[in-house]
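Chemist: File target21.txt below, compact mmCIF, C-alpha atoms:
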```txt
# COMPACT_ATOMS: atom_id res chain seq x y z
CA MET A 1 126.54 117.02 120.15
CA GLY A 2 126.35 119.30 117.14
CA LEU A 3 125.58 118.63 113.50
CA THR A 4 125.37 115.16 111.98
CA ILE A 5 124.75 113.86 108.48
CA GLY A 6 121.99 111.42 107.61
CA VAL A 7 122.23 109.24 104.51
CA ASP A 8 119.22 107.75 102.75
CA ILE A 9 120.03 105.04 100.19
CA GLY A 10 117.25 104.98 97.60
CA GLY A 11 116.75 102.88 94.51
CA THR A 12 117.72 105.72 92.15
CA LYS A 13 119.57 108.22 94.35
CA ILE A 14 121.58 108.47 97.55
CA ALA A 15 120.77 111.59 99.58
CA ALA A 16 122.93 112.98 102.38
CA GLY A 17 121.77 115.84 104.57
CA VAL A 18 123.23 117.90 107.40
CA VAL A 19 120.76 117.83 110.30
CA ASP A 20 120.77 119.87 113.51
CA GLU A 21 119.58 118.70 116.94
CA GLU A 22 116.06 119.99 116.29
CA GLY A 23 115.69 117.86 113.16
CA ASN A 24 116.16 120.70 110.66
CA ILE A 25 117.93 119.85 107.40
CA LEU A 26 120.55 122.52 106.73
CA SER A 27 121.99 121.25 103.44
CA THR A 28 121.71 118.23 101.17
CA HIS A 29 123.69 116.54 98.45
CA LYS A 30 122.41 113.80 96.14
CA VAL A 31 124.19 111.38 93.84
CA PRO A 32 122.84 108.59 91.60
CA THR A 33 122.65 105.12 93.15
CA PRO A 34 125.18 102.81 91.46
CA THR A 35 124.47 99.17 90.72
CA THR A 36 127.45 97.49 92.43
CA PRO A 37 128.13 97.27 96.20
CA GLY A 38 131.61 98.79 96.00
CA ALA A 39 130.40 101.70 93.93
CA ILE A 40 127.62 102.34 96.44
CA VAL A 41 130.19 102.85 99.20
CA ASP A 42 131.97 105.36 96.93
CA ALA A 43 128.66 107.12 96.27
CA ILE A 44 127.81 107.33 99.98
CA ALA A 45 131.20 108.93 100.64
CA SER A 46 130.66 111.37 97.77
CA ALA A 47 127.23 112.37 99.06
CA VAL A 48 128.57 112.90 102.58
CA GLU A 49 131.48 115.01 101.34
CA GLY A 50 129.13 117.12 99.23
CA ALA A 51 126.72 117.75 102.10
CA ARG A 52 129.37 118.56 104.75
CA VAL A 53 130.92 121.51 102.87
CA GLY A 54 130.84 124.53 105.18
CA HIS A 55 129.69 122.55 108.24
CA GLU A 56 131.44 121.08 111.26
CA ILE A 57 130.16 117.50 111.40
CA VAL A 58 130.47 115.11 114.36
CA GLY A 59 129.06 111.91 112.89
CA VAL A 60 127.17 110.15 110.10
CA GLY A 61 124.09 107.90 110.25
CA ILE A 62 123.27 105.65 107.29
CA GLY A 63 119.80 104.19 106.69
CA ALA A 64 120.18 100.85 104.89
CA ALA A 65 117.37 98.63 103.63
CA GLY A 66 118.32 95.31 105.17
CA TYR A 67 119.20 93.48 108.35
CA VAL A 68 121.73 95.47 110.39
CA ASN A 69 123.56 94.04 113.39
CA ARG A 70 122.97 95.37 116.89
CA GLN A 71 126.36 97.06 116.92
CA ARG A 72 125.13 99.27 114.06
CA SER A 73 128.09 98.40 111.89
CA THR A 74 127.40 95.47 109.55
CA VAL A 75 124.60 94.77 107.10
CA TYR A 76 123.85 91.08 107.51
CA PHE A 77 121.69 90.96 104.39
CA ALA A 78 120.15 93.48 102.00
CA PRO A 79 117.39 92.38 99.62
CA ASN A 80 118.07 94.92 96.87
CA ILE A 81 121.86 95.31 97.14
CA ASP A 82 124.35 92.45 97.03
CA TRP A 83 125.41 93.02 100.64
CA ARG A 84 126.07 89.91 102.70
CA GLN A 85 127.88 90.50 106.02
CA GLU A 86 128.90 93.89 104.63
CA PRO A 87 131.11 95.92 107.05
CA LEU A 88 129.54 99.19 105.91
CA LYS A 89 130.53 101.25 108.97
CA GLU A 90 134.21 100.38 108.60
CA LYS A 91 134.28 101.09 104.88
CA VAL A 92 132.52 104.45 105.03
CA GLU A 93 134.51 105.62 108.07
CA ALA A 94 137.70 104.95 106.16
CA ARG A 95 136.43 107.14 103.32
CA VAL A 96 134.98 110.12 105.23
CA GLY A 97 137.05 110.23 108.42
CA LEU A 98 133.99 110.55 110.68
CA PRO A 99 132.25 108.22 113.14
CA VAL A 100 129.55 106.26 111.30
CA VAL A 101 126.55 104.27 112.51
CA VAL A 102 124.41 102.08 110.27
CA GLU A 103 120.68 101.67 110.93
CA ASN A 104 117.90 99.79 109.23
CA ASP A 105 116.14 102.36 107.06
CA ALA A 106 112.69 101.70 108.52
CA ASN A 107 114.11 102.05 112.04
CA ALA A 108 115.67 105.35 111.02
CA ALA A 109 112.38 106.63 109.59
CA ALA A 110 110.52 105.52 112.71
CA TRP A 111 112.98 107.36 114.93
CA GLY A 112 112.67 110.50 112.82
CA GLU A 113 108.90 110.47 113.16
CA TYR A 114 109.09 109.72 116.88
CA LYS A 115 111.48 112.58 117.61
CA PHE A 116 110.37 115.24 115.16
CA GLY A 117 107.10 114.18 113.49
CA GLY A 118 103.86 112.43 114.36
CA GLY A 119 105.27 110.75 117.46
CA LYS A 120 106.29 113.88 119.38
CA GLY A 121 104.97 113.69 122.93
CA HIS A 122 104.72 109.87 122.98
CA ARG A 123 107.02 107.50 124.89
CA ASN A 124 105.76 104.26 123.35
CA VAL A 125 105.00 104.17 119.64
CA ILE A 126 104.99 101.62 116.87
CA CYS A 127 105.68 102.87 113.35
CA ILE A 128 104.75 101.12 110.14
CA THR A 129 105.64 102.22 106.65
CA LEU A 130 103.17 101.37 103.91
CA GLY A 131 105.09 101.70 100.69
CA THR A 132 106.03 99.22 98.00
CA GLY A 133 106.48 96.82 100.92
CA LEU A 134 105.80 97.14 104.65
CA GLY A 135 108.42 98.10 107.24
CA GLY A 136 108.40 99.42 110.76
CA GLY A 137 110.08 100.43 113.98
CA ILE A 138 109.56 99.98 117.72
CA ILE A 139 110.08 102.78 120.25
CA ILE A 140 109.37 101.72 123.82
CA GLY A 141 110.28 103.89 126.80
CA ASN A 142 111.82 106.49 124.47
CA LYS A 143 114.28 103.89 123.14
CA LEU A 144 114.55 102.35 119.68
CA ARG A 145 114.24 98.61 120.21
CA ARG A 146 116.36 96.66 117.74
CA GLY A 147 116.17 93.25 119.41
CA HIS A 148 119.03 91.03 120.58
CA PHE A 149 120.57 90.62 117.12
CA GLY A 150 119.48 94.01 115.79
CA VAL A 151 116.85 92.81 113.32
CA ALA A 152 113.57 93.40 115.18
CA ALA A 153 110.51 95.11 113.68
CA GLU A 154 110.53 93.35 110.31
CA PHE A 155 106.75 93.61 110.49
CA GLY A 156 106.21 93.07 106.79
CA HIS A 157 107.32 89.47 107.14
CA ILE A 158 104.98 88.45 109.91
CA ARG A 159 103.01 85.56 108.45
CA MET A 160 99.39 86.66 108.34
CA VAL A 161 98.08 83.84 106.14
CA PRO A 162 99.48 80.29 106.49
CA ASP A 163 100.45 79.02 103.04
CA GLY A 164 99.34 82.37 101.60
CA LEU A 165 100.78 84.45 98.78
CA LEU A 166 104.46 83.97 97.99
CA CYS A 167 106.60 86.84 99.28
CA GLY A 168 109.86 88.13 97.87
CA CYS A 169 111.56 86.98 101.07
CA GLY A 170 110.79 83.37 100.11
CA SER A 171 108.08 82.81 102.71
CA GLN A 172 104.32 82.70 102.16
CA GLY A 173 101.49 84.81 103.54
CA CYS A 174 103.62 87.74 104.77
CA TRP A 175 101.76 90.83 105.95
CA GLU A 176 103.22 93.03 103.21
CA GLN A 177 101.61 90.83 100.57
CA TYR A 178 98.25 92.06 101.86
CA ALA A 179 98.98 95.59 103.13
CA SER A 180 101.34 97.49 100.82
CA GLY A 181 101.44 99.45 97.60
CA ARG A 182 101.92 96.25 95.62
CA ALA A 183 98.90 94.70 97.32
CA LEU A 184 96.75 97.74 96.55
CA VAL A 185 97.55 97.55 92.84
CA ARG A 186 96.86 93.81 92.83
CA TYR A 187 93.46 94.34 94.48
CA ALA A 188 92.52 96.99 91.94
CA LYS A 189 93.58 94.93 88.95
CA GLN A 190 91.68 91.88 90.18
CA ARG A 191 88.51 93.86 90.80
CA ALA A 192 88.72 95.76 87.52
CA ASN A 193 89.14 92.50 85.65
CA ALA A 194 86.16 90.91 87.42
CA THR A 195 83.78 93.90 87.18
CA PRO A 196 85.08 96.40 84.60
CA GLU A 197 81.76 98.27 84.67
CA ARG A 198 82.55 99.34 88.26
CA ALA A 199 86.06 100.49 87.27
CA GLU A 200 85.36 102.86 84.37
CA VAL A 201 86.98 105.86 86.03
CA LEU A 202 90.01 103.85 87.11
CA LEU A 203 90.51 102.19 83.74
CA ALA A 204 90.25 105.52 81.92
CA LEU A 205 93.20 106.86 83.90
CA GLY A 206 95.47 104.14 82.49
CA ASP A 207 95.52 102.42 79.12
CA GLY A 208 91.97 101.11 79.46
CA THR A 209 93.00 97.65 80.65
CA PRO A 210 93.39 96.23 84.17
CA ASP A 211 97.08 95.59 83.49
CA GLY A 212 97.57 99.33 82.92
CA ILE A 213 96.45 100.29 86.43
CA GLU A 214 99.08 101.99 88.59
CA GLY A 215 99.03 103.14 92.20
CA LYS A 216 98.64 106.79 91.28
CA HIS A 217 95.52 105.95 89.25
CA ILE A 218 93.87 104.23 92.24
CA SER A 219 94.29 107.31 94.42
CA VAL A 220 92.76 109.66 91.85
CA ALA A 221 89.90 107.27 91.07
CA ALA A 222 89.10 106.70 94.75
CA ARG A 223 88.79 110.44 95.32
CA GLN A 224 86.33 110.52 92.43
CA GLY A 225 84.27 107.78 94.06
CA CYS A 226 85.21 104.90 91.74
CA PRO A 227 83.81 101.78 93.47
CA VAL A 228 86.70 99.50 92.55
CA ALA A 229 89.31 102.00 93.74
CA VAL A 230 87.47 102.61 97.02
CA ASP A 231 87.01 98.87 97.60
CA SER A 232 90.71 98.29 96.95
CA TYR A 233 91.68 100.80 99.64
CA ARG A 234 89.22 99.19 102.03
CA GLU A 235 90.75 95.76 101.43
CA LEU A 236 94.24 97.07 102.10
CA ALA A 237 92.99 98.87 105.22
CA ARG A 238 91.29 95.70 106.49
CA TRP A 239 94.63 93.88 106.49
CA ALA A 240 96.61 96.85 107.79
CA GLY A 241 94.23 97.41 110.69
CA ALA A 242 94.15 93.74 111.59
CA GLY A 243 97.94 93.73 111.76
CA LEU A 244 97.97 96.79 114.01
CA ALA A 245 95.57 95.02 116.36
CA ASP A 246 98.04 92.14 116.63
CA LEU A 247 100.89 94.57 117.30
CA ALA A 248 98.80 96.23 120.01
CA SER A 249 98.55 92.87 121.76
CA LEU A 250 102.34 92.60 121.67
CA PHE A 251 103.46 96.14 122.50
CA ASP A 252 100.46 98.14 123.81
CA PRO A 253 101.70 101.49 122.41
CA SER A 254 100.00 104.84 122.93
CA ALA A 255 100.14 105.49 119.19
CA PHE A 256 100.74 103.92 115.83
CA ILE A 257 102.41 106.14 113.25
CA VAL A 258 101.63 105.22 109.65
CA GLY A 259 104.20 106.39 107.12
CA GLY A 260 105.32 105.42 103.65
CA GLY A 261 103.89 106.53 100.34
CA LEU A 262 100.38 105.33 101.08
CA SER A 263 100.16 107.55 104.17
CA ASP A 264 100.30 110.56 101.83
CA GLU A 265 96.68 109.78 100.98
CA GLY A 266 95.65 110.90 104.47
CA ASP A 267 92.20 109.93 105.70
CA LEU A 268 91.44 108.10 102.45
CA VAL A 269 93.58 105.28 103.82
CA LEU A 270 93.85 106.14 107.52
CA ASP A 271 90.14 106.25 108.36
CA PRO A 272 89.46 102.69 107.15
CA ILE A 273 92.66 101.50 108.86
CA ARG A 274 91.42 102.99 112.14
CA LYS A 275 88.07 101.26 111.74
CA SER A 276 89.69 97.92 110.96
CA TYR A 277 92.11 98.28 113.86
CA LYS A 278 89.25 98.93 116.29
CA ARG A 279 87.27 96.05 114.77
CA TRP A 280 90.04 93.50 115.35
CA LEU A 281 91.47 94.85 118.62
CA VAL A 282 90.77 92.34 121.38
CA GLY A 283 88.52 94.02 123.94
CA GLY A 284 88.42 97.13 121.79
CA ASN A 285 85.09 98.32 123.19
CA TRP A 286 86.39 98.22 126.77
CA ARG A 287 90.06 99.18 126.69
CA PRO A 288 92.06 102.31 125.79
CA VAL A 289 92.70 102.45 122.06
CA ALA A 290 95.98 103.73 120.65
CA ASP A 291 95.87 106.65 118.24
CA VAL A 292 96.57 105.91 114.57
CA ILE A 293 98.50 108.94 113.33
CA ALA A 294 99.75 109.95 109.90
CA ALA A 295 103.49 110.41 109.57
CA GLN A 296 104.50 114.03 109.15
CA LEU A 297 108.04 114.04 107.74
CA GLY A 298 107.35 112.31 104.44
CA ASN A 299 110.41 111.09 102.58
CA LYS A 300 112.68 113.11 104.89
CA ALA A 301 112.02 110.83 107.87
CA GLY A 302 114.75 108.30 107.12
CA LEU A 303 117.46 110.90 106.54
CA VAL A 304 116.52 112.93 109.63
CA GLY A 305 116.20 109.82 111.78
CA ALA A 306 119.52 108.36 110.67
CA ALA A 307 121.27 111.64 111.41
CA ASP A 308 119.74 111.86 114.88
CA LEU A 309 120.56 108.24 115.69
CA ALA A 310 124.21 109.04 114.98
CA ARG A 311 124.03 111.06 118.22
CA GLU A 312 122.56 108.18 120.24
CA PRO A 313 124.86 106.16 122.52
CA ASP A 314 125.97 102.72 121.40
CA PRO A 315 123.02 100.43 122.27
CA ILE A 316 125.40 97.69 123.42
CA MET A 317 126.82 99.83 126.21
```
As structure tokens - that is how I would like this structure written.

Modeler:
Amino acid sequence: MGLTIGVDIGGTKIAAGVVDEEGNILSTHKVPTPTTPGAIVDAIASAVEGARVGHEIVGVGIGAAGYVNRQRSTVYFAPNIDWRQEPLKEKVEARVGLPVVVENDANAAAWGEYKFGGGKGHRNVICITLGTGLGGGIIIGNKLRRGHFGVAAEFGHIRMVPDGLLCGCGSQGCWEQYASGRALVRYAKQRANATPERAEVLLALGDGTPDGIEGKHISVAARQGCPVAVDSYRELARWAGAGLADLASLFDPSAFIVGGGLSDEGDLVLDPIRKSYKRWLVGGNWRPVADVIAAQLGNKAGLVGAADLAREPDPIM
């Protein structure tokens, strides 16, 4: 079908990139992310126009953090942008004069990894993104499964703990409250406060207090063998692996792809997740066990996936 443009809407910048059918990014253009919904539409159009210079483009795919309808046109709800029943496809098409599809950003990243990253060669994969929160995507039979209304795979809001920690979505005990970047920092702060003598390396990387601990400090300290940092990763991995075991009971994939910022830590986080997954997998000693694979595309996955999904037929047809 030719070249398409993928758009990744981030908290500080909107990136648009021209992507070929092999997943290669040929050019990019970035603009700052505005604070108002109308200005964001203008910024998306500006990023697309900047990226398309010198290229013949056949379509645009937008990765949006929120609930997107099955028709890939309207954002039902976005947690970080004041979009409520936002007809994003219609608005951007009017600005750029190209066919536009809108995808959930985690779905787009999952598709990018499935087609061009860690999922190559698999027909049935489940992707999770361990970042500030926890997202995901479902690919079964080489198809992205959005669900009847288009809002499937909101894995982060599976309730893992009845009446557990309050989540930003308004519910309690959601998976992302126990397996995410925020959770990791919380674990480290709690442990450093309880046993500061076991957190000397970690505390020294910040301002010397538990409140000064940041995610980047935990990674460095864990690689230096700091007990509190290592224990914090193990706690996160315990919850992440347990959740994967539940997803295996639902979907029985051949592989799980773990992306998001935490996956950049490689085996520091993936090895304990694999162990926890095997520990909690029902019949794990007697059944085939899905691979747990690190994502390969990094922060390009969403842009590449959105661009490629712009080539996919309408899922309603």

Chemist: Which neighbours of Ala290 in chain A fall inside 8 Å, counting only C-alpha atoms, when residues of the same chain fewer than 3 positions from it are skipped, and could you give them as a VMD selection string?

Modeler: chain A and resid 252 to 256

Chemist: In Å, how far is it from CA of Gly50 in chain A to CA of Ala15 in chain A?

Modeler: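 If I compute the distance from CA of Gly50 in chain A to CA of Ala15 in chain A, I get 10.0 Å.
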
Chemist: In Å, how far is it from CA of Gly63 in chain A to CA of Gly97 in chain A?

Modeler: 18.4 Å

Chemist: In file coordinates, which residues lie within 8 Å of (114.6, 99.7, 112.0) using all atoms listed in the file, given as a VMD selection string?

Modeler: chain A and resid 103 to 110 135 to 138 146 151 to 154

Chemist: Export, as a PDB file, in the coordinates of the input, the selected residues with C-alpha atoms.

Modeler:
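As a result, part24.pdb now contains:
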```pdb
ATOM      1  CA  GLU A 103     120.680 101.670 110.930  1.00  0.00           C
ATOM      2  CA  ASN A 104     117.900  99.790 109.230  1.00  0.00           C
ATOM      3  CA  ASP A 105     116.140 102.360 107.060  1.00  0.00           C
ATOM      4  CA  ALA A 106     112.690 101.700 108.520  1.00  0.00           C
ATOM      5  CA  ASN A 107     114.110 102.050 112.040  1.00  0.00           C
ATOM      6  CA  ALA A 108     115.670 105.350 111.020  1.00  0.00           C
ATOM      7  CA  ALA A 109     112.380 106.630 109.590  1.00  0.00           C
ATOM      8  CA  ALA A 110     110.520 105.520 112.710  1.00  0.00           C
ATOM      9  CA  GLY A 135     108.420  98.100 107.240  1.00  0.00           C
ATOM     10  CA  GLY A 136     108.400  99.420 110.760  1.00  0.00           C
ATOM     11  CA  GLY A 137     110.080 100.430 113.980  1.00  0.00           C
ATOM     12  CA  ILE A 138     109.560  99.980 117.720  1.00  0.00           C
ATOM     13  CA  ARG A 146     116.360  96.660 117.740  1.00  0.00           C
ATOM     14  CA  VAL A 151     116.850  92.810 113.320  1.00  0.00           C
ATOM     15  CA  ALA A 152     113.570  93.400 115.180  1.00  0.00           C
ATOM     16  CA  ALA A 153     110.510  95.110 113.680  1.00  0.00           C
ATOM     17  CA  GLU A 154     110.530  93.350 110.310  1.00  0.00           C
TER      18      GLU A 154
END
```

Chemist: What's the separation between CA of Ile9 in chain A and CA of Pro99 in chain A, in Å to one decimal place?

Modeler: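 So the answer is 18.1 Å.
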